[in-house]
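One structure is given below, encoded as structure tokens.
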Amino acid sequence: MERTQEGEEERECETIEEEDDEPLLFPETKAKGQVVFDPPYNLLKYPKKYKRDDMGALSGWVGYIVLGALLVGFSWITYSPEAPEWAGERFLLQCYMSGIRMSGLLSLSVPYLTGFKVSQMDAFRWTTELFYSNYIPDNDVWVGVSDATFDGVPVKIFRPRAAQSDSPAIVYIHGGGWTILSADSYSATTYYMAWKLNVVVVSIDYRLAPEHPYPAPFEDSLKATVHFLRQAVKHDVDPNRIAIAGDSAGGNLAAAVALKLSQDKTYSDLPRLKFQVLIYPVTQMLDFNTYSYTEFAHTGHMRKEIMLKMIINYLGFPELQDYIDQFASNNHTSPRLKNSMFGSYVKHENLPEEFRVKGFKTVGENMGNETLAAKIESTLTDPYFAPLMAPDLSKVPPVYMILAQNDPLRDDGLFYAKRLREAGVKTEIDFHKTMAHGFCLLSPSSLLTFQGGKDSFDTLGKYVQKNI
């Protein structure tokens, strides 16, 4: 198992002189005659590069920062548990834990404070979008950004200025539990990926649950990916050098799309995806009492309760929120399913030896709510809903997986990696033993970005350079 190195030293701002050499993978070393900052997307550094007349936008950001600081502080003191002592970048993790708690409280109060008739889900989306919203100038010297529609699905396209006419590309599917966030709120992450890896990035803005439950997000992701594979040349992309990536729920969708393209003969005429980048993906919904779901249920900003609510919304049965305790205790599946081939995929002994805990047993092996199970089990075992459930994984593209220790989904990734390797699929893991779920989602400000997230993209760059 590969592990990341310690964070690299930050580069100083420097002016790059013109050179005649071939472009390198990392364009910051070749940006001719330009002043290069790291990271280039940092909103707080744009005023140094661009003289903006729209100071209202800047002052608005100052207001957001002040208001956010007050809310995070209040939430920290009042509501949040402490981040674990061993967690990396613990202060920042604590801020995120507090911020997520406060976003939940704000989503409850926004309708009363504003008088707007909005649902709690819409209010929660608004608060999270506000936190991650990002400003990228039209004349950005590193990456050009444009909006498009691929077979009816909105996408954002990030094209490095240094990219060639036959550039490689990565299709990116954002996280957010299938219910929140968007291609816009992921702009800092996808911008950085395009700039750092010197690849075109197509970010898919799929429809969200609960308004559009499974299979809508999967179908949108599949349609946009297929369209891009067919039309890549029109976007100055080499169709034979396209990979797919996603994090969390987006990792689930990326794995499902790669699985579908590898199995369905309808798509046999398409170029094969080069590889998959799965960042702490959701791969199964049978066992919510794996060791990582149990041990890290409350130690990061993606708590088990939140994950269960999002999964229920993705299932398309919002009325089942009243049964969340049934899901939390593994009572949502029948004993028959637990003892089937599908149940065998989530056994604790399937974890690598260094992650097994002597004497650990999951709960609910011989119990289950048969009525609830009858309603959802056919979906829970659908491989395009839960890729770990696929009977055959042998034809999927190679996998590069990024996992975090402090993450309820850690074991989901490890289970999937085991089955991939058993199927003969080349699988590499970049494991971050002090990071928490979500550490790869970059913020518009480097002050709110985990160094571990930037380090993971540095390591990913080496894999991309070698394999794309």
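Letters A, B, ... mark the chains of the structure tokens in the order given; residue numbers begin at 1 per chain; ligand numbers begin at 1, in order shown.
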Task: Close residues, segment 362-371 of chain A itself excluded, 12 Å, only C-alpha atoms, min 3 positions apart in chain, as a PyMOL selection string - done: chain A and resi 286-295+320+323+325-340+343-344+346-349+357+359+374-377
Alpha helix (DSSP H) residues, from DSSP on the backbone, in segment 279-400 of chain A, as a compact mmCIF listing (two decimals) with all heavy atoms, in the first residue's frame:
```txt
# COMPACT_ATOMS: atom_id res chain seq x y z
N TYR A 291 -16.00 -1.36 10.71
CA TYR A 291 -15.15 -0.76 11.75
C TYR A 291 -15.02 0.74 11.55
O TYR A 291 -15.10 1.52 12.51
CB TYR A 291 -13.77 -1.41 11.76
CG TYR A 291 -12.88 -0.84 12.84
CD1 TYR A 291 -13.01 -1.26 14.16
CD2 TYR A 291 -11.95 0.15 12.56
CE1 TYR A 291 -12.23 -0.72 15.17
CE2 TYR A 291 -11.16 0.70 13.55
CZ TYR A 291 -11.30 0.26 14.86
OH TYR A 291 -10.53 0.80 15.85
N SER A 292 -14.82 1.19 10.30
CA SER A 292 -14.63 2.62 10.07
C SER A 292 -15.92 3.40 10.32
O SER A 292 -15.88 4.52 10.85
CB SER A 292 -14.10 2.88 8.66
OG SER A 292 -15.00 2.41 7.66
N TYR A 293 -17.08 2.85 9.96
CA TYR A 293 -18.35 3.52 10.26
C TYR A 293 -18.55 3.62 11.76
O TYR A 293 -19.12 4.60 12.27
CB TYR A 293 -19.52 2.75 9.64
CG TYR A 293 -20.05 3.33 8.35
CD1 TYR A 293 -19.97 2.61 7.17
CD2 TYR A 293 -20.64 4.59 8.31
CE1 TYR A 293 -20.46 3.13 5.97
CE2 TYR A 293 -21.14 5.12 7.13
CZ TYR A 293 -21.04 4.38 5.96
OH TYR A 293 -21.53 4.90 4.78
N THR A 294 -18.08 2.62 12.50
CA THR A 294 -18.25 2.60 13.95
C THR A 294 -17.24 3.51 14.65
O THR A 294 -17.60 4.34 15.50
CB THR A 294 -18.09 1.16 14.49
OG1 THR A 294 -19.04 0.31 13.84
CG2 THR A 294 -18.31 1.13 15.99
N GLU A 295 -15.97 3.39 14.27
CA GLU A 295 -14.89 4.10 14.96
C GLU A 295 -14.86 5.58 14.63
O GLU A 295 -14.52 6.41 15.47
CB GLU A 295 -13.56 3.45 14.59
CG GLU A 295 -12.35 4.03 15.32
CD GLU A 295 -12.32 3.68 16.80
OE1 GLU A 295 -13.11 2.81 17.23
OE2 GLU A 295 -11.50 4.28 17.52
N LYS A 304 -21.65 9.85 10.52
CA LYS A 304 -22.45 8.70 10.07
C LYS A 304 -23.91 9.09 9.85
O LYS A 304 -24.53 8.70 8.85
CB LYS A 304 -22.33 7.57 11.09
CG LYS A 304 -23.17 6.34 10.78
CD LYS A 304 -22.94 5.26 11.83
CE LYS A 304 -23.84 4.05 11.62
NZ LYS A 304 -23.57 2.98 12.61
N GLU A 305 -24.47 9.87 10.76
CA GLU A 305 -25.88 10.26 10.66
C GLU A 305 -26.14 11.04 9.38
O GLU A 305 -27.14 10.83 8.69
CB GLU A 305 -26.29 11.09 11.87
CG GLU A 305 -27.73 11.55 11.84
CD GLU A 305 -28.06 12.47 13.00
OE1 GLU A 305 -27.16 12.77 13.81
OE2 GLU A 305 -29.23 12.89 13.08
N ILE A 306 -25.22 11.95 9.04
CA ILE A 306 -25.38 12.73 7.81
C ILE A 306 -25.32 11.82 6.59
O ILE A 306 -26.11 11.94 5.65
CB ILE A 306 -24.29 13.82 7.72
CG1 ILE A 306 -24.48 14.85 8.84
CG2 ILE A 306 -24.31 14.51 6.37
CD1 ILE A 306 -23.38 15.88 8.91
N MET A 307 -24.36 10.88 6.60
CA MET A 307 -24.21 9.98 5.48
C MET A 307 -25.48 9.15 5.28
O MET A 307 -25.94 8.95 4.14
CB MET A 307 -23.01 9.04 5.72
CG MET A 307 -22.61 8.23 4.51
SD MET A 307 -21.89 9.27 3.24
CE MET A 307 -22.68 8.60 1.78
N LEU A 308 -26.06 8.67 6.35
CA LEU A 308 -27.27 7.86 6.25
C LEU A 308 -28.44 8.67 5.68
O LEU A 308 -29.21 8.17 4.85
CB LEU A 308 -27.64 7.29 7.61
CG LEU A 308 -26.68 6.25 8.19
CD1 LEU A 308 -27.16 5.79 9.57
CD2 LEU A 308 -26.54 5.06 7.26
N LYS A 309 -28.58 9.91 6.09
CA LYS A 309 -29.65 10.75 5.57
C LYS A 309 -29.49 10.96 4.06
O LYS A 309 -30.47 10.92 3.30
CB LYS A 309 -29.66 12.10 6.29
CG LYS A 309 -30.14 12.03 7.73
CD LYS A 309 -30.14 13.41 8.38
CE LYS A 309 -30.69 13.34 9.80
NZ LYS A 309 -30.68 14.67 10.45
N MET A 310 -28.25 11.16 3.63
CA MET A 310 -28.01 11.37 2.20
C MET A 310 -28.28 10.11 1.40
O MET A 310 -28.84 10.16 0.30
CB MET A 310 -26.57 11.85 2.00
CG MET A 310 -26.32 13.25 2.50
SD MET A 310 -24.58 13.75 2.36
CE MET A 310 -24.73 15.54 2.62
N ILE A 311 -27.89 8.97 1.94
CA ILE A 311 -28.14 7.69 1.24
C ILE A 311 -29.63 7.44 1.12
O ILE A 311 -30.12 6.99 0.06
CB ILE A 311 -27.43 6.54 1.98
CG1 ILE A 311 -25.92 6.63 1.75
CG2 ILE A 311 -27.96 5.19 1.53
CD1 ILE A 311 -25.10 5.66 2.57
N ILE A 312 -30.39 7.72 2.16
CA ILE A 312 -31.84 7.54 2.11
C ILE A 312 -32.45 8.44 1.04
O ILE A 312 -33.35 8.02 0.29
CB ILE A 312 -32.46 7.80 3.49
CG1 ILE A 312 -32.06 6.69 4.47
CG2 ILE A 312 -33.98 7.90 3.40
CD1 ILE A 312 -32.45 6.94 5.91
N ASN A 313 -31.96 9.67 0.94
CA ASN A 313 -32.44 10.57 -0.11
C ASN A 313 -32.09 10.04 -1.50
O ASN A 313 -32.90 10.12 -2.43
CB ASN A 313 -31.86 11.97 0.07
CG ASN A 313 -32.55 12.76 1.15
OD1 ASN A 313 -33.75 12.61 1.36
ND2 ASN A 313 -31.81 13.61 1.84
N TYR A 314 -30.89 9.50 -1.64
CA TYR A 314 -30.47 8.95 -2.93
C TYR A 314 -31.29 7.72 -3.31
O TYR A 314 -31.57 7.49 -4.49
CB TYR A 314 -28.98 8.61 -2.88
CG TYR A 314 -28.37 8.21 -4.21
CD1 TYR A 314 -28.67 8.89 -5.38
CD2 TYR A 314 -27.46 7.15 -4.28
CE1 TYR A 314 -28.10 8.52 -6.60
CE2 TYR A 314 -26.89 6.78 -5.50
CZ TYR A 314 -27.22 7.47 -6.64
OH TYR A 314 -26.64 7.09 -7.85
N LEU A 315 -31.69 6.95 -2.33
CA LEU A 315 -32.53 5.78 -2.57
C LEU A 315 -33.88 6.17 -3.18
O LEU A 315 -34.51 5.38 -3.87
CB LEU A 315 -32.78 5.03 -1.27
CG LEU A 315 -31.76 3.97 -0.86
CD1 LEU A 315 -31.99 3.55 0.59
CD2 LEU A 315 -31.83 2.76 -1.78
N ILE A 324 -34.17 5.98 10.16
CA ILE A 324 -32.71 6.12 10.14
C ILE A 324 -32.04 5.24 11.19
O ILE A 324 -30.94 4.72 10.98
CB ILE A 324 -32.31 7.60 10.30
CG1 ILE A 324 -30.82 7.79 9.97
CG2 ILE A 324 -32.64 8.13 11.69
CD1 ILE A 324 -30.41 9.23 9.81
N ASP A 325 -32.71 5.04 12.32
CA ASP A 325 -32.15 4.15 13.34
C ASP A 325 -32.07 2.71 12.85
O ASP A 325 -31.17 1.95 13.25
CB ASP A 325 -32.99 4.22 14.62
CG ASP A 325 -32.85 5.55 15.35
OD1 ASP A 325 -31.86 6.25 15.08
OD2 ASP A 325 -33.74 5.88 16.16
N GLN A 326 -33.00 2.33 11.97
CA GLN A 326 -32.97 0.99 11.40
C GLN A 326 -31.74 0.82 10.51
O GLN A 326 -31.08 -0.22 10.53
CB GLN A 326 -34.24 0.75 10.58
CG GLN A 326 -35.54 0.84 11.37
CD GLN A 326 -35.82 -0.45 12.14
OE1 GLN A 326 -35.88 -1.53 11.58
NE2 GLN A 326 -36.00 -0.30 13.44
N PHE A 327 -31.43 1.85 9.73
CA PHE A 327 -30.24 1.82 8.89
C PHE A 327 -28.98 1.81 9.76
O PHE A 327 -28.03 1.07 9.49
CB PHE A 327 -30.21 3.03 7.95
CG PHE A 327 -31.14 2.94 6.78
CD1 PHE A 327 -32.49 3.23 6.92
CD2 PHE A 327 -30.67 2.58 5.53
CE1 PHE A 327 -33.36 3.15 5.84
CE2 PHE A 327 -31.52 2.50 4.44
CZ PHE A 327 -32.86 2.78 4.59
N ALA A 328 -28.98 2.63 10.79
CA ALA A 328 -27.79 2.77 11.63
C ALA A 328 -27.46 1.47 12.36
O ALA A 328 -26.29 1.20 12.67
CB ALA A 328 -28.00 3.88 12.66
N PRO A 335 -31.79 -10.97 7.04
CA PRO A 335 -30.77 -11.98 7.33
C PRO A 335 -30.34 -12.73 6.06
O PRO A 335 -29.18 -13.11 5.91
CB PRO A 335 -31.45 -12.90 8.34
CG PRO A 335 -32.47 -12.03 9.00
CD PRO A 335 -32.97 -11.12 7.93
N ARG A 336 -31.30 -12.95 5.15
CA ARG A 336 -30.97 -13.66 3.91
C ARG A 336 -29.91 -12.90 3.11
O ARG A 336 -28.93 -13.49 2.63
CB ARG A 336 -32.25 -13.82 3.07
CG ARG A 336 -32.01 -14.45 1.69
CD ARG A 336 -33.25 -14.33 0.82
NE ARG A 336 -33.68 -12.95 0.69
CZ ARG A 336 -33.13 -12.10 -0.17
NH1 ARG A 336 -32.10 -12.47 -0.93
NH2 ARG A 336 -33.57 -10.86 -0.22
N LEU A 337 -30.08 -11.58 2.98
CA LEU A 337 -29.11 -10.79 2.24
C LEU A 337 -27.77 -10.73 2.98
O LEU A 337 -26.70 -10.82 2.37
CB LEU A 337 -29.64 -9.38 2.01
CG LEU A 337 -28.73 -8.44 1.21
CD1 LEU A 337 -28.42 -9.00 -0.17
CD2 LEU A 337 -29.35 -7.04 1.08
N LYS A 338 -27.83 -10.60 4.28
CA LYS A 338 -26.59 -10.51 5.06
C LYS A 338 -25.75 -11.78 4.90
O LYS A 338 -24.52 -11.72 4.97
CB LYS A 338 -26.92 -10.29 6.53
CG LYS A 338 -27.48 -8.91 6.87
CD LYS A 338 -27.73 -8.80 8.35
CE LYS A 338 -28.12 -7.39 8.77
NZ LYS A 338 -29.51 -7.06 8.39
N MET A 341 -23.98 -13.88 -1.01
CA MET A 341 -22.73 -13.48 -1.64
C MET A 341 -22.48 -11.98 -1.45
O MET A 341 -21.36 -11.55 -1.17
CB MET A 341 -22.76 -13.81 -3.13
CG MET A 341 -21.57 -13.31 -3.93
SD MET A 341 -21.78 -13.54 -5.71
CE MET A 341 -23.13 -12.38 -6.04
N PHE A 342 -23.55 -11.18 -1.57
CA PHE A 342 -23.41 -9.73 -1.41
C PHE A 342 -22.92 -9.40 -0.01
O PHE A 342 -22.04 -8.54 0.18
CB PHE A 342 -24.73 -9.03 -1.68
CG PHE A 342 -25.25 -9.22 -3.08
CD1 PHE A 342 -26.40 -9.95 -3.31
CD2 PHE A 342 -24.58 -8.68 -4.17
CE1 PHE A 342 -26.89 -10.14 -4.60
CE2 PHE A 342 -25.05 -8.85 -5.46
CZ PHE A 342 -26.21 -9.58 -5.68
N GLY A 343 -23.48 -10.07 0.99
CA GLY A 343 -23.06 -9.82 2.36
C GLY A 343 -21.61 -10.20 2.60
O GLY A 343 -20.93 -9.60 3.44
N SER A 344 -21.12 -11.19 1.86
CA SER A 344 -19.73 -11.62 2.05
C SER A 344 -18.73 -10.55 1.62
O SER A 344 -17.58 -10.55 2.06
CB SER A 344 -19.46 -12.91 1.26
OG SER A 344 -19.46 -12.67 -0.15
N GLU A 370 -37.92 -6.99 7.65
CA GLU A 370 -38.26 -7.59 6.37
C GLU A 370 -39.08 -6.66 5.49
O GLU A 370 -38.91 -6.64 4.27
CB GLU A 370 -39.02 -8.91 6.59
CG GLU A 370 -38.21 -10.00 7.28
CD GLU A 370 -37.18 -10.65 6.34
OE1 GLU A 370 -37.17 -10.31 5.15
OE2 GLU A 370 -36.39 -11.49 6.83
N THR A 371 -39.96 -5.89 6.08
CA THR A 371 -40.78 -4.96 5.30
C THR A 371 -39.93 -3.87 4.66
O THR A 371 -40.07 -3.56 3.47
CB THR A 371 -41.86 -4.31 6.19
OG1 THR A 371 -42.66 -5.34 6.78
CG2 THR A 371 -42.74 -3.37 5.38
N LEU A 372 -39.03 -3.30 5.47
CA LEU A 372 -38.12 -2.27 4.95
C LEU A 372 -37.18 -2.88 3.92
O LEU A 372 -36.93 -2.30 2.85
CB LEU A 372 -37.33 -1.67 6.11
CG LEU A 372 -36.23 -0.66 5.76
CD1 LEU A 372 -36.81 0.53 5.01
CD2 LEU A 372 -35.52 -0.19 7.03
N ALA A 373 -36.64 -4.04 4.22
CA ALA A 373 -35.70 -4.70 3.31
C ALA A 373 -36.32 -4.99 1.96
O ALA A 373 -35.69 -4.80 0.91
CB ALA A 373 -35.18 -5.99 3.94
N ALA A 374 -37.58 -5.43 1.95
CA ALA A 374 -38.25 -5.76 0.69
C ALA A 374 -38.37 -4.54 -0.22
O ALA A 374 -38.38 -4.67 -1.45
CB ALA A 374 -39.63 -6.34 0.99
N LYS A 375 -38.43 -3.36 0.38
CA LYS A 375 -38.60 -2.14 -0.39
C LYS A 375 -37.30 -1.68 -1.04
O LYS A 375 -37.32 -1.09 -2.13
CB LYS A 375 -39.16 -1.03 0.52
CG LYS A 375 -39.39 0.30 -0.17
CD LYS A 375 -39.98 1.33 0.78
CE LYS A 375 -41.48 1.18 0.85
NZ LYS A 375 -42.12 2.33 1.55
N ILE A 376 -36.15 -1.96 -0.43
CA ILE A 376 -34.91 -1.33 -0.89
C ILE A 376 -33.81 -2.30 -1.31
O ILE A 376 -32.83 -1.88 -1.92
CB ILE A 376 -34.34 -0.40 0.21
CG1 ILE A 376 -33.96 -1.19 1.46
CG2 ILE A 376 -35.33 0.71 0.53
CD1 ILE A 376 -33.30 -0.35 2.54
N GLU A 377 -33.93 -3.59 -1.01
CA GLU A 377 -32.79 -4.50 -1.23
C GLU A 377 -32.41 -4.65 -2.70
O GLU A 377 -31.24 -4.81 -3.02
CB GLU A 377 -33.07 -5.87 -0.62
CG GLU A 377 -32.87 -5.89 0.87
CD GLU A 377 -32.90 -7.29 1.47
OE1 GLU A 377 -33.31 -8.24 0.76
OE2 GLU A 377 -32.51 -7.44 2.65
N SER A 378 -33.39 -4.57 -3.61
CA SER A 378 -33.04 -4.70 -5.03
C SER A 378 -32.16 -3.53 -5.47
O SER A 378 -31.30 -3.69 -6.35
CB SER A 378 -34.31 -4.76 -5.88
OG SER A 378 -35.08 -3.58 -5.75
N THR A 379 -32.36 -2.36 -4.86
CA THR A 379 -31.51 -1.21 -5.19
C THR A 379 -30.16 -1.32 -4.50
O THR A 379 -29.12 -1.02 -5.09
CB THR A 379 -32.20 0.10 -4.78
OG1 THR A 379 -33.48 0.18 -5.40
CG2 THR A 379 -31.36 1.30 -5.21
N LEU A 380 -30.15 -1.77 -3.26
CA LEU A 380 -28.90 -1.89 -2.51
C LEU A 380 -27.91 -2.83 -3.19
O LEU A 380 -26.70 -2.69 -3.02
CB LEU A 380 -29.17 -2.37 -1.09
CG LEU A 380 -30.00 -1.46 -0.17
CD1 LEU A 380 -30.17 -2.10 1.19
CD2 LEU A 380 -29.39 -0.08 -0.05
```
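With only C-alpha atoms as the atoms that count, the minimum distance from Val233 of chain A to the choices A:Ser107, A:Thr190, A:Ser165, A:Asn198 is reached by A:Ser165.
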- [ ] List the neighbours of Cys440 of chain A out to 8 Å using only C-alpha atoms; skip same-chain residues closer than 3 positions along the sequence, and give me the result as a PyMOL selection string.
- [x] chain A and resi 189+279+450+452-454+456
Selection above as a file: C-alpha atoms, as a JSON list (two decimals), in the first residue's frame:
```json
[["chain", "number", "residue", "atom", "x", "y", "z"],
["A", 189, "THR", "CA", -10.79, 21.68, -6.88],
["A", 279, "ILE", "CA", -11.38, 9.50, -3.80],
["A", 450, "PHE", "CA", -5.99, 21.03, 3.79],
["A", 452, "GLY", "CA", -2.97, 16.98, 2.71],
["A", 453, "GLY", "CA", -5.42, 17.61, -0.11],
["A", 454, "LYS", "CA", -2.84, 19.51, -2.13],
["A", 456, "SER", "CA", -2.67, 14.17, -2.71]]
```
TODO: Excluding Pro391 of chain A and residues on its chain fewer than 5 positions from it, collect all residues at most 12 Å away from it, counting only C-alpha atoms, and give them as a count of residues only.
DONE: 15
TODO: Using DSSP on the backbone coordinates, identify the residues of segment 84-169 of chain A assigned to strand (DSSP E); present them as a list of chain:residue names.
DONE: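 Going through segment 84-169 of chain A, the strand (DSSP E) residues come out as A:Val143, A:Gly144, A:Val145, A:Ser146, A:Asp147, A:Ala148, A:Thr149, A:Phe150, A:Val153, A:Pro154, A:Val155, A:Lys156, A:Ile157, A:Phe158, A:Arg159, A:Pro160, A:Ser167, A:Pro168, A:Ala169.
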I need the chosen residues saved as a short mmCIF file (atom, residue, chain, number, x, y, z; two decimals), in the first residue's frame, with all heavy atoms.
```cif
data_model
loop_
_atom_site.label_atom_id
_atom_site.label_comp_id
_atom_site.auth_asym_id
_atom_site.auth_seq_id
_atom_site.Cartn_x
_atom_site.Cartn_y
_atom_site.Cartn_z
N VAL A 143 -5.84 28.91 -16.54
CA VAL A 143 -6.89 27.97 -16.95
C VAL A 143 -8.08 28.74 -17.51
O VAL A 143 -8.56 29.69 -16.88
CB VAL A 143 -7.35 27.08 -15.77
CG1 VAL A 143 -8.48 26.15 -16.19
CG2 VAL A 143 -6.18 26.28 -15.20
N GLY A 144 -8.55 28.31 -18.68
CA GLY A 144 -9.78 28.85 -19.22
C GLY A 144 -10.97 28.02 -18.77
O GLY A 144 -10.90 26.80 -18.74
N VAL A 145 -12.05 28.69 -18.39
CA VAL A 145 -13.23 28.00 -17.86
C VAL A 145 -14.43 28.35 -18.72
O VAL A 145 -14.67 29.52 -19.02
CB VAL A 145 -13.49 28.38 -16.39
CG1 VAL A 145 -14.67 27.58 -15.84
CG2 VAL A 145 -12.25 28.16 -15.55
N SER A 146 -15.20 27.35 -19.10
CA SER A 146 -16.40 27.58 -19.90
C SER A 146 -17.50 26.63 -19.48
O SER A 146 -17.24 25.57 -18.89
CB SER A 146 -16.09 27.39 -21.40
OG SER A 146 -15.63 26.07 -21.66
N ASP A 147 -18.74 27.01 -19.76
CA ASP A 147 -19.90 26.18 -19.47
C ASP A 147 -20.40 25.54 -20.77
O ASP A 147 -20.33 26.16 -21.83
CB ASP A 147 -21.02 26.99 -18.84
CG ASP A 147 -20.63 27.54 -17.48
OD1 ASP A 147 -20.14 26.75 -16.65
OD2 ASP A 147 -20.82 28.74 -17.25
N ALA A 148 -20.90 24.33 -20.67
CA ALA A 148 -21.43 23.63 -21.84
C ALA A 148 -22.51 22.67 -21.39
O ALA A 148 -22.77 22.50 -20.19
CB ALA A 148 -20.31 22.88 -22.56
N THR A 149 -23.17 22.06 -22.37
CA THR A 149 -24.18 21.04 -22.10
C THR A 149 -23.85 19.81 -22.91
O THR A 149 -23.71 19.88 -24.14
CB THR A 149 -25.59 21.54 -22.46
OG1 THR A 149 -25.88 22.72 -21.72
CG2 THR A 149 -26.63 20.48 -22.14
N PHE A 150 -23.68 18.68 -22.24
CA PHE A 150 -23.37 17.41 -22.90
C PHE A 150 -24.59 16.50 -22.82
O PHE A 150 -24.92 15.98 -21.75
CB PHE A 150 -22.17 16.73 -22.23
CG PHE A 150 -20.84 17.37 -22.53
CD1 PHE A 150 -19.67 16.85 -21.96
CD2 PHE A 150 -20.72 18.46 -23.35
CE1 PHE A 150 -18.43 17.41 -22.23
CE2 PHE A 150 -19.48 19.04 -23.62
CZ PHE A 150 -18.34 18.51 -23.07
N VAL A 153 -26.90 17.51 -20.15
CA VAL A 153 -26.34 17.61 -18.80
C VAL A 153 -25.37 18.79 -18.73
O VAL A 153 -24.42 18.86 -19.52
CB VAL A 153 -25.60 16.32 -18.41
CG1 VAL A 153 -25.03 16.42 -17.00
CG2 VAL A 153 -26.54 15.11 -18.52
N PRO A 154 -25.57 19.73 -17.81
CA PRO A 154 -24.64 20.86 -17.69
C PRO A 154 -23.26 20.40 -17.22
O PRO A 154 -23.15 19.53 -16.35
CB PRO A 154 -25.30 21.76 -16.63
CG PRO A 154 -26.70 21.27 -16.49
CD PRO A 154 -26.68 19.82 -16.84
N VAL A 155 -22.22 20.99 -17.79
CA VAL A 155 -20.85 20.70 -17.38
C VAL A 155 -20.05 22.00 -17.36
O VAL A 155 -20.42 22.97 -18.01
CB VAL A 155 -20.15 19.68 -18.32
CG1 VAL A 155 -20.92 18.37 -18.36
CG2 VAL A 155 -20.00 20.27 -19.73
N LYS A 156 -18.97 21.99 -16.61
CA LYS A 156 -17.98 23.07 -16.66
C LYS A 156 -16.68 22.46 -17.21
O LYS A 156 -16.27 21.39 -16.77
CB LYS A 156 -17.74 23.67 -15.28
CG LYS A 156 -18.93 24.39 -14.71
CD LYS A 156 -18.60 25.09 -13.40
CE LYS A 156 -17.91 26.41 -13.66
NZ LYS A 156 -18.81 27.43 -14.21
N ILE A 157 -16.07 23.17 -18.13
CA ILE A 157 -14.85 22.69 -18.77
C ILE A 157 -13.69 23.58 -18.34
O ILE A 157 -13.74 24.81 -18.50
CB ILE A 157 -14.98 22.69 -20.30
CG1 ILE A 157 -16.19 21.83 -20.72
CG2 ILE A 157 -13.70 22.15 -20.95
CD1 ILE A 157 -16.49 21.88 -22.21
N PHE A 158 -12.65 22.97 -17.80
CA PHE A 158 -11.45 23.67 -17.35
C PHE A 158 -10.30 23.25 -18.28
O PHE A 158 -9.91 22.09 -18.30
CB PHE A 158 -11.11 23.31 -15.91
CG PHE A 158 -12.19 23.70 -14.92
CD1 PHE A 158 -13.33 22.93 -14.79
CD2 PHE A 158 -12.06 24.84 -14.14
CE1 PHE A 158 -14.33 23.27 -13.90
CE2 PHE A 158 -13.05 25.20 -13.25
CZ PHE A 158 -14.20 24.42 -13.12
N ARG A 159 -9.80 24.21 -19.06
CA ARG A 159 -8.75 23.90 -20.03
C ARG A 159 -7.50 24.73 -19.71
O ARG A 159 -7.53 25.96 -19.79
CB ARG A 159 -9.21 24.18 -21.45
CG ARG A 159 -8.18 23.75 -22.49
CD ARG A 159 -8.62 23.93 -23.93
NE ARG A 159 -7.64 23.31 -24.80
CZ ARG A 159 -7.66 22.05 -25.17
NH1 ARG A 159 -8.64 21.26 -24.74
NH2 ARG A 159 -6.73 21.54 -25.94
N PRO A 160 -6.40 24.06 -19.35
CA PRO A 160 -5.16 24.80 -19.07
C PRO A 160 -4.69 25.56 -20.31
O PRO A 160 -4.80 25.06 -21.44
CB PRO A 160 -4.16 23.69 -18.70
CG PRO A 160 -5.00 22.51 -18.33
CD PRO A 160 -6.24 22.61 -19.16
N SER A 167 -4.96 17.24 -26.05
CA SER A 167 -4.74 17.13 -24.60
C SER A 167 -5.41 15.90 -24.02
O SER A 167 -6.46 15.46 -24.50
CB SER A 167 -5.29 18.37 -23.91
OG SER A 167 -5.27 18.23 -22.49
N PRO A 168 -4.84 15.32 -22.96
CA PRO A 168 -5.58 14.33 -22.17
C PRO A 168 -6.65 15.03 -21.35
O PRO A 168 -6.64 16.26 -21.22
CB PRO A 168 -4.50 13.71 -21.29
CG PRO A 168 -3.48 14.79 -21.15
CD PRO A 168 -3.49 15.54 -22.44
N ALA A 169 -7.57 14.26 -20.80
CA ALA A 169 -8.67 14.86 -20.04
C ALA A 169 -9.11 13.94 -18.92
O ALA A 169 -8.91 12.72 -18.96
CB ALA A 169 -9.86 15.18 -20.95
#
```
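Distance check against Asp151 of chain A using only C-alpha atoms: of A:Leu222, A:Ala83, A:Met102, A:Ala194, the minimum falls on A:Leu222.
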- [ ] Identify, on the basis of only C-alpha atoms, every residue whose closest approach to segment 405-418 of chain A does not exceed 8 Å; exclude the query and any residue fewer than 6 positions from it along the same chain; express the result as a PyMOL selection string.
- [x] chain A and resi 87+280-284+290-297+299-300+302-304+345-346+350-352+388+427+431-437
Open item on the list: If I take atom CA of Val171 of chain A and atom CA of Asp220 of chain A, how far is one from the other in Å, to one decimal?
Closed with: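 Separating atom CA of Val171 of chain A from atom CA of Asp220 of chain A is a distance of 12.6 Å.
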Task: Residue nearest Asp238 of chain A - candidates A:Met389, A:Ala258, A:Val199, A:Ile429, atoms counted: only C-alpha atoms - done: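 Closest to Asp238 of chain A, using only C-alpha atoms: A:Val199.
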TODO: To one decimal in Å, tell me the separation between atom CA of Glu353 of chain A and atom CA of Gln451 of chain A.
DONE: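 Taking atom CA of Glu353 of chain A and atom CA of Gln451 of chain A, their separation equals 28.6 Å.
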